[in-house]
2 protein chains.
Amino acid sequence: MEVITTGCIVAPTGFKAGATYCGIKTAKDSFDLGIIFSEFPATGAALFTTNQIYAAPVKLSRKIIQKGRVRAFVINSGNANACTGEQGYKDAEAMGQIAAKCLKTPEDEILVASTGIIGRPLPMDKIFTGIKTAAATLGNTPEHGNTMARAIMTTDTKQKDIAVRLKINNKDVTIGGITKGAGMIAPNLATMLCFLTTDVSMPASLLNECLRNSAESSFNRITIDGHMSTNDTIAIIANGASGVNIPSKNNDLRIFQQGLDYVTSYLAKAIVMDGEGATKFIQIDVVGAWSRSDATKIARSIADSPLVKTAMNGEDPNWGRIVSAAGYAGVELDESKTNLYINDILIFAKGMPTQCDLNVLSTSMKGRDIKIRLELGLGDFKDTIWTCDLSHEYVTINAEYHT
Amino acid sequence: MEVITTGCIVAPTGFKAGATYCGIKTAKDSFDLGIIFSEFPATGAALFTTNQIYAAPVKLSRKIIQKGRVRAFVINSGNANACTGEQGYKDAEAMGQIAAKCLKTPEDEILVASTGIIGRPLPMDKIFTGIKTAAATLGNTPEHGNTMARAIMTTDTKQKDIAVRLKINNKDVTIGGITKGAGMIAPNLATMLCFLTTDVSMPASLLNECLRNSAESSFNRITIDGHMSTNDTIAIIANGASGVNIPSKNNDLRIFQQGLDYVTSYLAKAIVMDGEGATKFIQIDVVGAWSRSDATKIARSIADSPLVKTAMNGEDPNWGRIVSAAGYAGVELDESKTNLYINDILIFAKGMPTQCDLNVLSTSMKGRDIKIRLELGLGDFKDTIWTCDLSHEYVTINAEYHT
């Protein structure tokens with residue numbers, strides 16, 4: 001498997017991207033509108049936020065994706081088009097319509113996504129100009145891919161993209177992806193967007209299943225602060241330009257799934273590492289659970305505890321906070337069977353603290369990566385969640401904004 | 001109803017308290033061990049943490065309370081006796097035994113509670129000396145009550161106590177209470193302890209029901225950071241010294257319940273106001289829900305969102321964070337029926353922001369108290385949750401401690 005780190009979203013054959021600055025964001029040297037386009041007819045799949053308050057483009061794209069055919073993504077940053085009422089929905093439709101006209105593709109094969117401030121009408125004049133400019137500058141050079149990755153960023157501090165090239169039946173198959181993370185969008189929401197492209201061909205239903213599988217082991221395994229956005233969207237286009245067709249659940253699909261898992265896992269971790277004010281990347285492994293769902297609940301309870309997150313920020317091996325967060329996850333535990341490791345050092349065994357060397361442990365926590373492993377001793381199931389710490393910087397970013 | 005603000009825990013007839021410093025805490029001018037004692041045989045009731053990892057005194061007191069007879073509480077601060085294995089349980093038993101001997105009461109009528117550092121053996125020599133001293137200095141002056149309130153504090157910045165005097169059948173009935181809050185206990189847990197005394201007599205089962213009712217409308221309505229402790233205990237003794245007996249669910253009970261509600265509600269709010277790093281007291285009212293449970297879920301989702309808490313800290317009327325936190329509570333919502341008020345100002349109506357004066361609203365948020373009211377328009381149920389903001393001070397307190 002070859003890893004590609006530049007121009008990722010246009011690395012698969014038959015994809016072009018175009019990004020521009022049309023004046024939605026205030027920083028004039030940024031990009032705020034982009035199009036990802038397949039030169040060939042393609043299938044598509046998408047997953048959306050489960051928040052009951054969701055943005056107009058989410059409502060529209062949920063409808064579009066039903067047919068399973070997608071030719072393009074049109075995305076703006078700087079304005080989420082959420083809590084904008086009926087006009088917001090009309091504006092999302094208009095984004096798709098103008099893009100369809102520029103790209104000469106059916107209007108019902110265009111997914112629309114937005115991220116940014118909520119509760120404000122989209123500046124449609126700017127958006128129209130932006131879509132026309134982006135469509136006119138489509139290309140497949142690395143530069144086109146890179147500016148596209150930047151066009152979806154809000155307060156992300158880093159461009160997040162990756163692509164992998166696989167061999168399936170001796171042919172090159174490529175999967176590319178870009179994502180934006182849980183950086184705050186003044187004044188409101190953190191939104192997770194991820195767009196993926198691939199040059200295999202695959203029925204939409206199978207593509208949807210692959211995307212769900214990959215999301216389950218990547219984006220569904222991360223948490224920054226437990227606050228879910230109104231605009232979260234993960235979407236993929238498969239255009240068949242590689243000449244590889246995967247019609248059903250065969251061995252080729254297994255190879256493809258591995259590639260997609262790699263891409264989504266990389267991107268999900270990149271979001272955590274670039275979390276608001278994050279100084280630590282924390283992996284939480286819960287093993288020996290009675291069920292997978294128990295393991296998940298406990299790992300999430302630990303990951304979302306502000307007390308655990310602040311302890312990690314302080315590089316303090318505070319096992320009490322970790323164990324007690326496990327204890328209130330709503331899952332039966334047996335303290336006397338519970339072991340806890342921090343950075344592979346056993347600090348809590350069978351319900352009591354060990355005599356481990358706290359200096360060695362504290363020193364190990366000065367690195368960026370921290371591993372928490374909780375053994376429950378109750379069964380054979382496990383789960384892993386990735387999160388970051390809670391820092392002064394997080395409070396600064398989120399408290400010191402003023403509407 | 002007369003409110004008493006000093007010596008509260010010994011304000012009811014027939015109660016004495018004694019507190020001392022026995023060397024568990026480091027600050028020598030503090031108190032770390034106390035006894036609350038009924039001079040007469042009494043019934044008792046108690047509620048405990050639902051954390052699956054719970055302290056030895058919780059395990060012991062759960063057993064003791066089964067019989068429904070309680071003569072005394074013996075409590076130490078500075079050490080939680082949690083995650084201390086079998087020895088911890090023996091130590092909790094020993095605390096009860098020595099107290100029983102000093103107080104000349106049956107050992108199975110003494111509730112034991114601890115709060116403080118976890119994972120360290122109790123210093124039993126000091127505890128024994130402390131219990132003997134406390135028992136020898138029992139009294140019912142305001143000073144006795146006040147030092148008792150201080151003896152359960154850890155990082156609380158204020159003593160928290162209240163008593164009320166009611167008329168039932170023309171007789172004085174008094175209910176007193178002390179609590180300690182969700183201040184961090186180096187290095188580990190925030191513990192909520194609350195001890196209540198009253199001079200009515202009542203069957204233990206009825207007392208238990210009253211206590212549950214009151215806790216439901218007070219301690220179960222607050223959250224600081226969503227992290228539940230291993231030691232939480234709420235307990236009450238009813239000794240009948242007022243001459244008032246409440247044998248069943250009659251009108252007298254209604255008056256008593258109101259008094260108890262007042263006491264627990266006051267104490268619960270005092271915990272929030274003294275939350276770690278708290279600068280704001282936030283009341284979250286969710287109304288118009290399809291069910292009470294829906295209202296609770298949404299109110300808690302808002303209260304526990306770090307993004308909402310940081311916005312409140314920044315005195316920013318960030319309706320997007322509030323509405324989106326409601327949206328991911330796992331409850332069906334209809335955005336187009338949803339209204340949001342902050343400090344009685346309608347900022348979000350039927351799915352869209354209003355044109356309210358943000359300057360007026362922001363100014364109103366500079367006070368300590370902030371009221372958030374979310375109207376769902378779906379049904380007749382409501383709930384209220386009290387919480388505090390998330391400040392730099394919270395991160396400082398919890399990140400900068402080092403084991």
# chains A, B, ... in the order shown; residues from 1 in each chain; ligands from 1
call {"tool": "residues_around", "arguments": {"residues": "Lys158 of chain A", "least_positions_apart": "2", "cutoff": "9 Å", "atoms": "only C-alpha atoms", "output": "MDAnalysis selection string"}}
result
chainID A and resid 150 153 155:156 160 180 270 274
call {"tool": "write_last_selection", "arguments": {"atoms": "C-alpha atoms", "output": "tab-separated table (two decimals), in the first residue's frame"}}
result
chain	number	residue	atom	x	y	z
A	150	ARG	CA	-7.75	24.12	2.86
A	153	MET	CA	-10.91	24.37	7.15
A	155	THR	CA	-10.19	27.02	12.92
A	156	ASP	CA	-8.21	23.89	12.09
A	160	LYS	CA	-5.77	17.20	6.95
A	180	LYS	CA	-11.81	19.21	8.84
A	270	ALA	CA	-5.60	13.97	12.66
A	274	ASP	CA	-5.61	19.14	16.02
call {"tool": "closest_atom_pairs", "arguments": {"of": "chain B", "to": "chain A", "cutoff": "8 Å", "atoms": "only C-alpha atoms", "output": "CSV"}}
result
residue,atom,partner,partner_atom,distance
B:Thr50,CA,A:Tyr328,CA,7.0
B:Asn51,CA,A:Tyr328,CA,4.6
B:Gln52,CA,A:Gly327,CA,4.5
B:Ile53,CA,A:Gly327,CA,5.0
B:Cys83,CA,A:Met352,CA,5.1
B:Thr84,CA,A:Met352,CA,5.8
B:Gly85,CA,A:Met352,CA,6.3
B:Ile118,CA,A:Gly320,CA,6.8
B:Gly119,CA,A:Pro353,CA,6.0
B:Pro187,CA,A:Asn318,CA,6.9
B:Asn188,CA,A:Gly320,CA,5.4
B:Leu189,CA,A:Arg321,CA,6.6
B:Asp225,CA,A:Pro306,CA,6.6
B:Gly226,CA,A:Ser305,CA,7.3
B:His227,CA,A:Ser305,CA,6.3
B:Met228,CA,A:Tyr328,CA,6.3
B:Ser229,CA,A:Ser324,CA,6.6
B:Thr230,CA,A:Ser324,CA,6.5
B:Ser305,CA,A:His227,CA,6.3
B:Pro306,CA,A:Asp225,CA,6.6
B:Leu307,CA,A:Asn398,CA,6.6
B:Thr310,CA,A:Ala399,CA,4.6
B:Ala311,CA,A:Ala399,CA,4.9
B:Met312,CA,A:Ala399,CA,7.4
B:Asn313,CA,A:Ala399,CA,5.9
B:Gly314,CA,A:Ala399,CA,4.3
B:Glu315,CA,A:Ala399,CA,7.8
B:Asp316,CA,A:His402,CA,5.6
B:Pro317,CA,A:Thr403,CA,7.2
B:Asn318,CA,A:Asn188,CA,6.7
B:Trp319,CA,A:Asn188,CA,8.0
B:Gly320,CA,A:Asn188,CA,5.4
B:Arg321,CA,A:Asn188,CA,5.9
B:Val323,CA,A:Ile53,CA,7.4
B:Ser324,CA,A:Ile53,CA,6.1
B:Ala325,CA,A:His227,CA,6.5
B:Gly327,CA,A:Gln52,CA,4.5
B:Tyr328,CA,A:Asn51,CA,4.6
B:Val331,CA,A:Gln52,CA,7.7
B:Glu332,CA,A:Gln52,CA,6.4
B:Leu333,CA,A:Gln52,CA,5.8
B:Asp334,CA,A:Gln52,CA,7.6
B:Glu335,CA,A:Ile53,CA,6.1
B:Ser336,CA,A:Gly85,CA,7.8
B:Gly351,CA,A:Cys83,CA,5.6
B:Met352,CA,A:Cys83,CA,5.1
B:Pro353,CA,A:Gly119,CA,6.0
B:Leu358,CA,A:Thr403,CA,7.9
B:Leu390,CA,A:Val395,CA,7.5
B:Ser391,CA,A:Val395,CA,6.6
B:His392,CA,A:His392,CA,5.8
B:Val395,CA,A:Thr310,CA,6.1
B:Thr396,CA,A:His392,CA,7.6
B:Asn398,CA,A:Thr310,CA,5.7
B:Ala399,CA,A:Gly314,CA,4.3
B:Glu400,CA,A:Gly314,CA,5.4
B:Tyr401,CA,A:Gly314,CA,7.1
B:His402,CA,A:Asp316,CA,5.6
B:Thr403,CA,A:Asp316,CA,6.3
call {"tool": "select_by_dssp", "arguments": {"residues": "segment 67-229 of chain A", "states": "strand (DSSP E)", "output": "MDAnalysis selection string"}}
result
chainID A and resid 72:79 110:117 160:168 171:180 193:198 222:223
call {"tool": "select_by_dssp", "arguments": {"residues": "segment 136-368 of chain A", "states": "helix (DSSP H, G or I)", "output": "PyMOL selection string"}}
result
chain A and resi 136+142-151+204-216+219-221+251-273+292-304+306-313+319-327+335-337+358-364
call {"tool": "residues_around", "arguments": {"residues": "Leu211 of chain B", "least_positions_apart": "6", "cutoff": "12 Å", "atoms": "only C-alpha atoms", "output": "PyMOL selection string"}}
result
chain B and resi 44-48+194-198+202+204-205+217-220+233-238+253+256-265
call {"tool": "atom_distance", "arguments": {"atom1": "atom CA of Gly96 of chain B", "atom2": "atom CA of Phe31 of chain B"}}
result
19.0 Å
call {"tool": "residues_around", "arguments": {"residues": "Ile24 of chain A", "least_positions_apart": "3", "cutoff": "8 Å", "atoms": "only C-alpha atoms", "output": "PyMOL selection string"}}
result
chain A and resi 21+32+77-79+123+126-127
call {"tool": "residues_around", "arguments": {"residues": "Ala134 of chain A", "least_positions_apart": "4", "cutoff": "10 Å", "atoms": "only C-alpha atoms", "output": "compact mmCIF listing (two decimals) with N, CA, C and O atoms, in the first residue's frame"}}
result
# COMPACT_ATOMS: atom_id res chain seq x y z
N ALA A 17 -10.62 18.98 -8.65
CA ALA A 17 -11.10 19.84 -7.57
C ALA A 17 -10.79 21.28 -7.92
O ALA A 17 -9.86 21.58 -8.67
N GLY A 18 -11.60 22.17 -7.40
CA GLY A 18 -11.35 23.60 -7.58
C GLY A 18 -11.78 24.33 -6.32
O GLY A 18 -12.86 24.07 -5.79
N ALA A 19 -10.92 25.24 -5.84
CA ALA A 19 -11.27 25.97 -4.63
C ALA A 19 -10.97 27.44 -4.85
O ALA A 19 -10.08 27.81 -5.62
N THR A 20 -11.73 28.26 -4.13
CA THR A 20 -11.55 29.70 -4.32
C THR A 20 -11.89 30.44 -3.03
O THR A 20 -12.41 29.84 -2.08
N TYR A 21 -11.58 31.72 -3.00
CA TYR A 21 -12.03 32.59 -1.91
C TYR A 21 -13.12 33.49 -2.47
O TYR A 21 -12.87 34.23 -3.43
N CYS A 22 -14.31 33.40 -1.89
CA CYS A 22 -15.41 34.21 -2.45
C CYS A 22 -15.94 35.22 -1.45
O CYS A 22 -16.94 35.88 -1.71
N LEU A 33 -14.61 28.20 -0.58
CA LEU A 33 -15.57 27.47 -1.39
C LEU A 33 -14.83 26.51 -2.30
O LEU A 33 -13.79 26.87 -2.87
N GLY A 34 -15.33 25.28 -2.38
CA GLY A 34 -14.63 24.30 -3.23
C GLY A 34 -15.59 23.30 -3.83
O GLY A 34 -16.70 23.08 -3.33
N ILE A 35 -15.15 22.73 -4.95
CA ILE A 35 -15.91 21.68 -5.63
C ILE A 35 -15.00 20.48 -5.84
O ILE A 35 -13.84 20.63 -6.24
N ILE A 36 -15.52 19.30 -5.55
CA ILE A 36 -14.82 18.05 -5.87
C ILE A 36 -15.70 17.35 -6.90
O ILE A 36 -16.89 17.14 -6.66
N VAL A 74 -20.15 20.09 -3.42
CA VAL A 74 -19.90 21.53 -3.39
C VAL A 74 -19.99 21.97 -1.93
O VAL A 74 -20.96 21.66 -1.23
N ALA A 99 -24.20 24.78 -9.14
CA ALA A 99 -23.06 23.88 -9.38
C ALA A 99 -23.40 22.91 -10.52
O ALA A 99 -22.56 22.64 -11.39
N CYS A 102 -22.97 24.69 -13.80
CA CYS A 102 -21.56 24.90 -14.14
C CYS A 102 -20.88 23.59 -14.54
O CYS A 102 -20.02 23.56 -15.41
N PHE A 128 -22.59 32.18 -5.31
CA PHE A 128 -22.75 31.95 -6.75
C PHE A 128 -21.44 32.24 -7.49
O PHE A 128 -20.97 31.43 -8.29
N THR A 129 -20.86 33.40 -7.18
CA THR A 129 -19.58 33.76 -7.80
C THR A 129 -18.53 32.70 -7.48
O THR A 129 -17.76 32.27 -8.35
N GLY A 130 -18.52 32.28 -6.23
CA GLY A 130 -17.54 31.28 -5.79
C GLY A 130 -17.70 29.97 -6.55
O GLY A 130 -16.72 29.37 -6.99
N LEU A 138 -11.31 23.97 -12.07
CA LEU A 138 -11.13 22.56 -11.70
C LEU A 138 -9.85 21.99 -12.31
O LEU A 138 -9.50 22.31 -13.45
N GLY A 139 -9.17 21.14 -11.55
CA GLY A 139 -7.97 20.50 -12.07
C GLY A 139 -7.57 19.35 -11.17
O GLY A 139 -8.15 19.15 -10.10
N MET A 148 -8.14 22.57 -2.12
CA MET A 148 -9.44 22.02 -1.75
C MET A 148 -9.46 21.64 -0.27
O MET A 148 -10.43 21.92 0.46
call {"tool": "closest_residue", "arguments": {"among": "B:Arg221, B:Lys16, B:Arg300, B:Arg69", "to": "Glu143 of chain B", "atoms": "only C-alpha atoms"}}
result
B:Lys16
call {"tool": "atom_distance", "arguments": {"atom1": "atom CA of Asn140 of chain B", "atom2": "atom CA of Val164 of chain B"}}
result
16.1 Å
call {"tool": "atom_distance", "arguments": {"atom1": "atom CA of Ala151 of chain A", "atom2": "atom CA of Lys25 of chain A"}}
result
10.2 Å
call {"tool": "closest_residue", "arguments": {"among": "A:Ile342, A:Ala27, A:Ile178, A:Val287", "to": "Met192 of chain A", "atoms": "only C-alpha atoms"}}
result
A:Ile178
call {"tool": "residues_around", "arguments": {"residues": "Asp285 of chain B", "least_positions_apart": "2", "cutoff": "6 Å", "atoms": "only C-alpha atoms", "output": "number ranges by chain"}}
result
B: 373, 383-384
call {"tool": "residues_around", "arguments": {"residues": "segment 293-296 of chain B", "least_positions_apart": "3", "cutoff": "6 Å", "atoms": "only C-alpha atoms", "output": "list in words"}}
result
Val286, Ala289, Ala299, Lys382 and Asp383 of chain B
call {"tool": "write_last_selection", "arguments": {"atoms": "N, CA and C atoms", "output": "compact mmCIF listing (two decimals), in the first residue's frame"}}
result
# COMPACT_ATOMS: atom_id res chain seq x y z
N VAL B 286 -35.98 23.28 30.93
CA VAL B 286 -36.48 22.73 29.66
C VAL B 286 -37.97 22.48 29.83
N ALA B 289 -41.69 19.45 26.95
CA ALA B 289 -41.14 18.18 26.47
C ALA B 289 -42.24 17.11 26.40
N ALA B 299 -31.90 18.83 29.38
CA ALA B 299 -31.32 19.77 30.35
C ALA B 299 -29.91 19.32 30.75
N LYS B 382 -41.53 19.08 31.92
CA LYS B 382 -40.41 20.00 32.06
C LYS B 382 -39.41 19.46 33.08
N ASP B 383 -38.23 20.03 33.07
CA ASP B 383 -37.27 19.73 34.13
C ASP B 383 -36.33 20.92 34.27
call {"tool": "decode", "arguments": {"residues": "segment 10-38 of chain A", "atoms": "N, CA, C and O atoms", "output": "JSON list (two decimals), in the first residue's frame"}}
result
[["chain", "number", "residue", "atom", "x", "y", "z"],
["A", 10, "VAL", "N", -7.60, 14.49, -5.16],
["A", 10, "VAL", "CA", -7.62, 14.27, -6.61],
["A", 10, "VAL", "C", -6.61, 13.20, -7.02],
["A", 10, "VAL", "O", -6.33, 13.03, -8.22],
["A", 11, "ALA", "N", -6.07, 12.47, -6.04],
["A", 11, "ALA", "CA", -5.12, 11.39, -6.36],
["A", 11, "ALA", "C", -5.80, 10.24, -7.13],
["A", 11, "ALA", "O", -5.21, 9.66, -8.04],
["A", 12, "PRO", "N", -7.03, 9.86, -6.81],
["A", 12, "PRO", "CA", -7.70, 8.83, -7.61],
["A", 12, "PRO", "C", -7.94, 9.35, -9.04],
["A", 12, "PRO", "O", -8.12, 10.55, -9.26],
["A", 13, "THR", "N", -7.93, 8.43, -10.00],
["A", 13, "THR", "CA", -8.13, 8.79, -11.40],
["A", 13, "THR", "C", -9.54, 9.36, -11.62],
["A", 13, "THR", "O", -10.51, 8.89, -11.03],
["A", 14, "GLY", "N", -9.60, 10.40, -12.47],
["A", 14, "GLY", "CA", -10.91, 10.91, -12.89],
["A", 14, "GLY", "C", -11.55, 11.87, -11.92],
["A", 14, "GLY", "O", -12.77, 12.08, -11.97],
["A", 15, "PHE", "N", -10.77, 12.45, -11.01],
["A", 15, "PHE", "CA", -11.31, 13.46, -10.09],
["A", 15, "PHE", "C", -10.60, 14.79, -10.27],
["A", 15, "PHE", "O", -9.39, 14.84, -10.49],
["A", 16, "LYS", "N", -11.36, 15.84, -10.17],
["A", 16, "LYS", "CA", -10.81, 17.19, -10.22],
["A", 16, "LYS", "C", -11.35, 17.97, -9.03],
["A", 16, "LYS", "O", -12.42, 17.65, -8.50],
["A", 17, "ALA", "N", -10.62, 18.98, -8.65],
["A", 17, "ALA", "CA", -11.10, 19.84, -7.57],
["A", 17, "ALA", "C", -10.79, 21.28, -7.92],
["A", 17, "ALA", "O", -9.86, 21.58, -8.67],
["A", 18, "GLY", "N", -11.60, 22.17, -7.40],
["A", 18, "GLY", "CA", -11.35, 23.60, -7.58],
["A", 18, "GLY", "C", -11.78, 24.33, -6.32],
["A", 18, "GLY", "O", -12.86, 24.07, -5.79],
["A", 19, "ALA", "N", -10.92, 25.24, -5.84],
["A", 19, "ALA", "CA", -11.27, 25.97, -4.63],
["A", 19, "ALA", "C", -10.97, 27.44, -4.85],
["A", 19, "ALA", "O", -10.08, 27.81, -5.62],
["A", 20, "THR", "N", -11.73, 28.26, -4.13],
["A", 20, "THR", "CA", -11.55, 29.70, -4.32],
["A", 20, "THR", "C", -11.89, 30.44, -3.03],
["A", 20, "THR", "O", -12.41, 29.84, -2.08],
["A", 21, "TYR", "N", -11.58, 31.72, -3.00],
["A", 21, "TYR", "CA", -12.03, 32.59, -1.91],
["A", 21, "TYR", "C", -13.12, 33.49, -2.47],
["A", 21, "TYR", "O", -12.87, 34.23, -3.43],
["A", 22, "CYS", "N", -14.31, 33.40, -1.89],
["A", 22, "CYS", "CA", -15.41, 34.21, -2.45],
["A", 22, "CYS", "C", -15.94, 35.22, -1.45],
["A", 22, "CYS", "O", -16.94, 35.88, -1.71],
["A", 23, "GLY", "N", -15.28, 35.32, -0.28],
["A", 23, "GLY", "CA", -15.65, 36.40, 0.64],
["A", 23, "GLY", "C", -16.57, 36.00, 1.80],
["A", 23, "GLY", "O", -17.14, 36.87, 2.47],
["A", 24, "ILE", "N", -16.73, 34.71, 2.05],
["A", 24, "ILE", "CA", -17.54, 34.30, 3.22],
["A", 24, "ILE", "C", -16.70, 34.45, 4.48],
["A", 24, "ILE", "O", -17.13, 35.03, 5.47],
["A", 25, "LYS", "N", -15.49, 33.91, 4.45],
["A", 25, "LYS", "CA", -14.57, 34.11, 5.57],
["A", 25, "LYS", "C", -14.01, 35.53, 5.52],
["A", 25, "LYS", "O", -14.03, 36.17, 4.46],
["A", 26, "THR", "N", -13.48, 36.00, 6.64],
["A", 26, "THR", "CA", -12.92, 37.35, 6.61],
["A", 26, "THR", "C", -11.48, 37.36, 6.11],
["A", 26, "THR", "O", -11.06, 38.33, 5.47],
["A", 27, "ALA", "N", -10.73, 36.28, 6.38],
["A", 27, "ALA", "CA", -9.31, 36.26, 5.96],
["A", 27, "ALA", "C", -9.22, 36.09, 4.45],
["A", 27, "ALA", "O", -9.54, 35.05, 3.90],
["A", 28, "LYS", "N", -8.77, 37.12, 3.79],
["A", 28, "LYS", "CA", -8.76, 37.14, 2.32],
["A", 28, "LYS", "C", -7.75, 36.17, 1.70],
["A", 28, "LYS", "O", -7.85, 35.83, 0.52],
["A", 29, "ASP", "N", -6.73, 35.76, 2.50],
["A", 29, "ASP", "CA", -5.75, 34.83, 1.94],
["A", 29, "ASP", "C", -6.18, 33.37, 2.12],
["A", 29, "ASP", "O", -5.42, 32.46, 1.90],
["A", 30, "SER", "N", -7.44, 33.16, 2.53],
["A", 30, "SER", "CA", -7.92, 31.79, 2.74],
["A", 30, "SER", "C", -8.80, 31.34, 1.59],
["A", 30, "SER", "O", -9.01, 32.07, 0.63],
["A", 31, "PHE", "N", -9.30, 30.12, 1.66],
["A", 31, "PHE", "CA", -10.24, 29.60, 0.67],
["A", 31, "PHE", "C", -11.54, 29.30, 1.41],
["A", 31, "PHE", "O", -11.51, 28.86, 2.56],
["A", 32, "ASP", "N", -12.67, 29.53, 0.79],
["A", 32, "ASP", "CA", -13.93, 29.29, 1.50],
["A", 32, "ASP", "C", -14.99, 28.61, 0.64],
["A", 32, "ASP", "O", -16.13, 28.44, 1.09],
["A", 33, "LEU", "N", -14.61, 28.20, -0.58],
["A", 33, "LEU", "CA", -15.57, 27.47, -1.39],
["A", 33, "LEU", "C", -14.83, 26.51, -2.30],
["A", 33, "LEU", "O", -13.79, 26.87, -2.87],
["A", 34, "GLY", "N", -15.33, 25.28, -2.38],
["A", 34, "GLY", "CA", -14.63, 24.30, -3.23],
["A", 34, "GLY", "C", -15.59, 23.30, -3.83],
["A", 34, "GLY", "O", -16.70, 23.08, -3.33],
["A", 35, "ILE", "N", -15.15, 22.73, -4.95],
["A", 35, "ILE", "CA", -15.91, 21.68, -5.63],
["A", 35, "ILE", "C", -15.00, 20.48, -5.84],
["A", 35, "ILE", "O", -13.84, 20.63, -6.24],
["A", 36, "ILE", "N", -15.52, 19.30, -5.55],
["A", 36, "ILE", "CA", -14.82, 18.05, -5.87],
["A", 36, "ILE", "C", -15.70, 17.35, -6.90],
["A", 36, "ILE", "O", -16.89, 17.14, -6.66],
["A", 37, "PHE", "N", -15.11, 17.03, -8.03],
["A", 37, "PHE", "CA", -15.90, 16.62, -9.20],
["A", 37, "PHE", "C", -15.35, 15.33, -9.81],
["A", 37, "PHE", "O", -14.15, 15.17, -9.97],
["A", 38, "SER", "N", -16.26, 14.42, -10.10],
["A", 38, "SER", "CA", -15.85, 13.21, -10.82],
["A", 38, "SER", "C", -16.14, 13.41, -12.31],
["A", 38, "SER", "O", -17.25, 13.79, -12.70]]
